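This report concerns only the one structure given below.
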Amino acid sequence: MRLSVPVRLVLSAALVAALALVPAVFTTYFTSAVAVRALVFGLAAVSLTFLAAYGGIVSLAQTGLYGIAGFLMARFIVTNGMDPILAAVLAIAIAVMFGLLFGAIVSGSEGIYLLMITLALGVITYYFFSQSGSFGGHEGINGVSAPGFVGNPVTHPAAIYEVLLACSVIAYVGVRLLARTNFGLALQGVRDDPVRMRALGFNVRLHRTLAFAAGALIAGLAGVLGTWADTRISPGTIQVSQVIQLMTIAVIGGLYRIEGAWVGALVFTLLDTYTRGITARFETWIGIVLLVILILSPDGLTGLASRVFTLVRRRGGATPTPSSPTPADDAATVPDPEQVGTGSGQGQVAR
Amino acid sequence: MLTRRGPALLSWLLLAFAIVWVAIKAFGQGFGISGNGPQFVITALNGVSLAALYFITASGFTLIFGLMRVVNMAHGSLYLLGGYVALDLVNHGMGWWGAMVLAALITGAVGLLVHQALLRWNQGQDLRQALITIAVATILADQMIVHFGATPSSLTPPAELANSIGLGLYHLEYPVFRLFIIGAALVVALVLWLVIRFTRFGMIVRAGVDDRAMTSSLGINVPLVFGGAFFIGAALAGLGGVMGGTILSLAPGQDDQFLLSSLVVVIVGGLGSLRGAAVGALLLGLIEQLSAVYLPQQFTNDSILLTFILLVVVLAVRPQGLFGRRT
Amino acid sequence: MTATAAAPMLRSRGLSRYFGAVPALHGVDLEVLPGERRAILGPNGAGKSTLFNLIAGDLAPSEGTVELFGRDVTVLAVRKRARLGLGRTYQTSRVLGGLSVEDNLYLAVLGARRGHLRLLRGGSERAIRKRAREVAEQVGLADRQHAVAGSLSHGEQRQLEIGLALAPSPRLLMLDEPAAGLSRAERLSLTKMLLELDREVTLIIIEHDMDVALTVAEHVTMLHQGEKLLEGTPQEIRANKMVHDLYLGNTHGEG
């Protein structure tokens, strides 16, 4: 089921080119309500699937990091009158600093402990922004202007869409490249067995902390772009239900595949946009969808798709190739997709 | 394993500074009634009664984790559900006491249902279970809005607990109900301690905390015990909800608040430790109430940062929590 | 030969570890000289793996000291001991299940070197890859380099496990039951590989399989109930009646 590298490159380029045409083909409403939002969610969710796929870290603090970048940039622009680009860069840098701090805090923990601590961090970030006077309280910050080349994202979403698409491609390629570096390989080693990695001479906590900072970079980028697209940010953007929503997106797409983030984001946004008219209880349905996926296919839609693909090929008489995938591809997946972090295994011991 | 003296020393200094700071603010003008002493007594009592509420709720959370390694992310939702059910029962004419008992039982039953239907067959896959309880929390939160609305409401305490009594100190009066919560927390702590210490059920719970593999090889009806523990844990959340719904309010968002407080309490205290839950609850309750009064004015709105600092300090010194065991 | 070369590679003094009040290891003195092949024997629960964990730093001793390469490492972190030149395997394989055999070995070589966080591939990458391939060949996984470690058979995982310990070219190699669960053929090739091991490498091996252990080892330390029972050559150990009663006559499985 592996296509050769050049074929995959051509297909990917074609996919990106087709996606770039979305604003030209679809209505402004679709571009703004579905395409732009899906890309923002996708980028935010990649910060989660990146940590999960390569670091074995399932974090619920990514929404908080999104908020830190978004709120700080909004404040820099609206209150301090800073240039939007400069404000964005500064805000992302601060989000990365917080990523380092959060990473240092949680790097001694694994599995559900980490899940709990990151959830606490995410919720604390939400309460901070909703209570603190400097960030507009419950109202949040309105009238955040995007840089000139983006124009008005509300009336003309095409420009912000293309920016988001470009950033998504950069994030995806960046993550894939990072995975092949010494750091990226070591991070995957830490994911598979931190005890072994320590015995090999690696600093496990440092790798986790830096991975968190890299995740914060992506989440911060999403926060900045999302705030530009919305022209505003409020604590509601990062409240607990949003934390859960982001996790839902990642789980729908497949928690342990970085591509899953965009698949999940698209499915979620489509559901969100077109079912709200049918049901008033959208949250309940999302909860049920999440539940069903966790029960039936814990590795999400991408996992389901690849299993079906494998099955079809087996039936189609292709020679079964049990164990010769290229390392680059399998690096992005966890060994046994059946087991969404059967946490208490060996890796769990070294809290 | 290796003691980390630097962070430990720093955290003791931090604690000492906080105590001195509060002491100066409270008693800097002497211990007389004209000083800030009375305000301190009330604030401290508020802190302890809030801690009592946190403990009742978080003890259920830590019990479930201690036995089954299940992080029940729907714990906050069960808290709110308990409060709402009691409110509904009272609105249908039931007394507060009856509503309290029934609401706790109903919440326990809901917890048991969640366990039997969604968690029993994937025992050991702790991350998947945690995510499943997140889905349950989403559904419960939304359904509670459907059935109980989004307008904040609250329970009225029973008549015999509705008054205030004199404390015999600075001529102060204090609501009986808040003292009742402190008493209730002590009862819950005592009962749980007795059960865990002296019963067969408790023996299994302790075995579960000490050695997971042993739990299943004891030849005891483990599924029954697990179900029972989940029932009790959820019922405690519901009981907390009834108490909290009486002194605070019942509204969407309270579930998140109490999920957070339960998380912080057990992360600080150490997962699975009852003693840890008590200490964690006291720290959190006191910090929240004292910071509202004693933090310099311009920082009052940022008091959540103290919770953050508490978390950071404890995890830096003891990643497993104050009374947690290193596995 | 200089004086430092003759200094022991490993020296423990009064090494003890209690779990609660239960001693898993009590007052063990051990000295292993450069180039030695030492076997640690003893029935289940004798404290063999605890000893390894104390030496490698995965456990902190309750009492006593550990010296590696003439340096007191009692409070040194696991990864720093590894970087001094200590390689080890685990009783149950700890391979990096999501990575290829080659990447497993690549990381094992990298661990002892600089550049853990390097983002750009330098000339060192080629050298590391070359070393990784050599090790794959040495442990008999040359044709499985692109297989994902998690998909290997049990025997292959044991081979990789040894490869992970060997790859960084450790000065002291500690193997924890390397033959556990291997077929007869696999045991023979394991024994052969260990016999061919460079004399620069000092070897300590825990093994239940007497054929493997007593063929490879020149020196044996018997542990019993957490204490050192006796030391001697394989011949002495085979001849000792106490050992027979305690252990060799005992036909229980490994644990």
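Lettering and numbering for the structure tokens are positional, with chains as A, B, ... in the shown order, residues counted from 1 in each chain, and ligands counted from 1 in the shown order.
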If you run DSSP over the backbone, which residues in range 108-219 of chain B end up helix (DSSP H, G or I)? Put them as a PyMOL selection string.
-> chain B and resi 108-122+126-148+159-161+176-198+200-210+212-217
Could you please tell me, as an MDAnalysis selection string, which residues of chain C have an atom within 10 Å of chain B when using only C-alpha atoms?
-> chainID C and resid 58:61 75:77
Can you spit out the residues from that selection as a CSV table (one decimal), in the first residue's frame, using C-alpha atoms?
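The resulting file, result-v4.csv, is shown below:
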```csv
chain,number,residue,atom,x,y,z
C,58,ASP,CA,17.5,2.5,37.4
C,59,LEU,CA,17.2,2.0,41.1
C,60,ALA,CA,18.9,4.0,43.9
C,61,PRO,CA,20.7,1.9,46.5
C,75,VAL,CA,24.2,9.2,42.7
C,76,LEU,CA,24.8,9.6,38.9
C,77,ALA,CA,21.8,9.6,36.6
```
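Here CA of Val191 in chain B is placed at a distance of 17.2 Å from CA of Val279 in chain B.
Close contacts of Ile57 in chain A, defined as residues with an atom at most 8 Å away when counting only C-alpha atoms, with chain neighbours fewer than 5 positions off set aside, comprise Leu51, Ala52, Glu110, Gly111, Leu114 and Arg191 of chain A.
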Which residues, written as a PDB file with all heavy atoms, in the first residue's frame, have at least one atom at most 6 Å from His224 in chain C, with only C-alpha atoms counted and residues fewer than 2 positions away on the same chain left out?
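Now in part19.pdb:
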```pdb
ATOM      1  N   GLY C  42      21.911 -17.471  40.378  1.00  0.00           N
ATOM      2  CA  GLY C  42      21.104 -17.510  41.590  1.00  0.00           C
ATOM      3  C   GLY C  42      19.675 -17.814  41.243  1.00  0.00           C
ATOM      4  O   GLY C  42      19.236 -17.538  40.120  1.00  0.00           O
ATOM      5  N   ALA C  46      16.747 -13.924  43.829  1.00  0.00           N
ATOM      6  CA  ALA C  46      18.041 -13.830  44.487  1.00  0.00           C
ATOM      7  C   ALA C  46      18.573 -12.403  44.493  1.00  0.00           C
ATOM      8  O   ALA C  46      19.497 -12.088  45.231  1.00  0.00           O
ATOM      9  CB  ALA C  46      19.047 -14.758  43.811  1.00  0.00           C
ATOM     10  N   GLY C 226      19.357 -12.350  48.084  1.00  0.00           N
ATOM     11  CA  GLY C 226      19.871 -10.991  48.179  1.00  0.00           C
ATOM     12  C   GLY C 226      21.293 -10.876  48.685  1.00  0.00           C
ATOM     13  O   GLY C 226      21.810  -9.778  48.795  1.00  0.00           O
ATOM     14  N   GLU C 227      21.921 -12.005  48.998  1.00  0.00           N
ATOM     15  CA  GLU C 227      23.295 -11.920  49.485  1.00  0.00           C
ATOM     16  C   GLU C 227      24.224 -12.726  48.600  1.00  0.00           C
ATOM     17  O   GLU C 227      23.811 -13.689  47.940  1.00  0.00           O
ATOM     18  CB  GLU C 227      23.374 -12.422  50.929  1.00  0.00           C
ATOM     19  CG  GLU C 227      22.456 -11.644  51.837  1.00  0.00           C
ATOM     20  CD  GLU C 227      22.844 -11.757  53.305  1.00  0.00           C
ATOM     21  OE1 GLU C 227      24.010 -12.057  53.586  1.00  0.00           O
ATOM     22  OE2 GLU C 227      21.963 -11.545  54.137  1.00  0.00           O
ATOM     23  N   LEU C 229      26.584 -15.482  47.874  1.00  0.00           N
ATOM     24  CA  LEU C 229      26.782 -16.773  48.510  1.00  0.00           C
ATOM     25  C   LEU C 229      28.226 -17.220  48.346  1.00  0.00           C
ATOM     26  O   LEU C 229      28.901 -17.570  49.302  1.00  0.00           O
ATOM     27  CB  LEU C 229      25.830 -17.785  47.864  1.00  0.00           C
ATOM     28  CG  LEU C 229      25.556 -19.053  48.632  1.00  0.00           C
ATOM     29  CD1 LEU C 229      24.845 -18.728  49.938  1.00  0.00           C
ATOM     30  CD2 LEU C 229      24.681 -19.967  47.789  1.00  0.00           C
TER      31      LEU C 229
END
```
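The space separating CA of Leu225 in chain A from CA of Ala146 in chain A comes to 8.8 Å.
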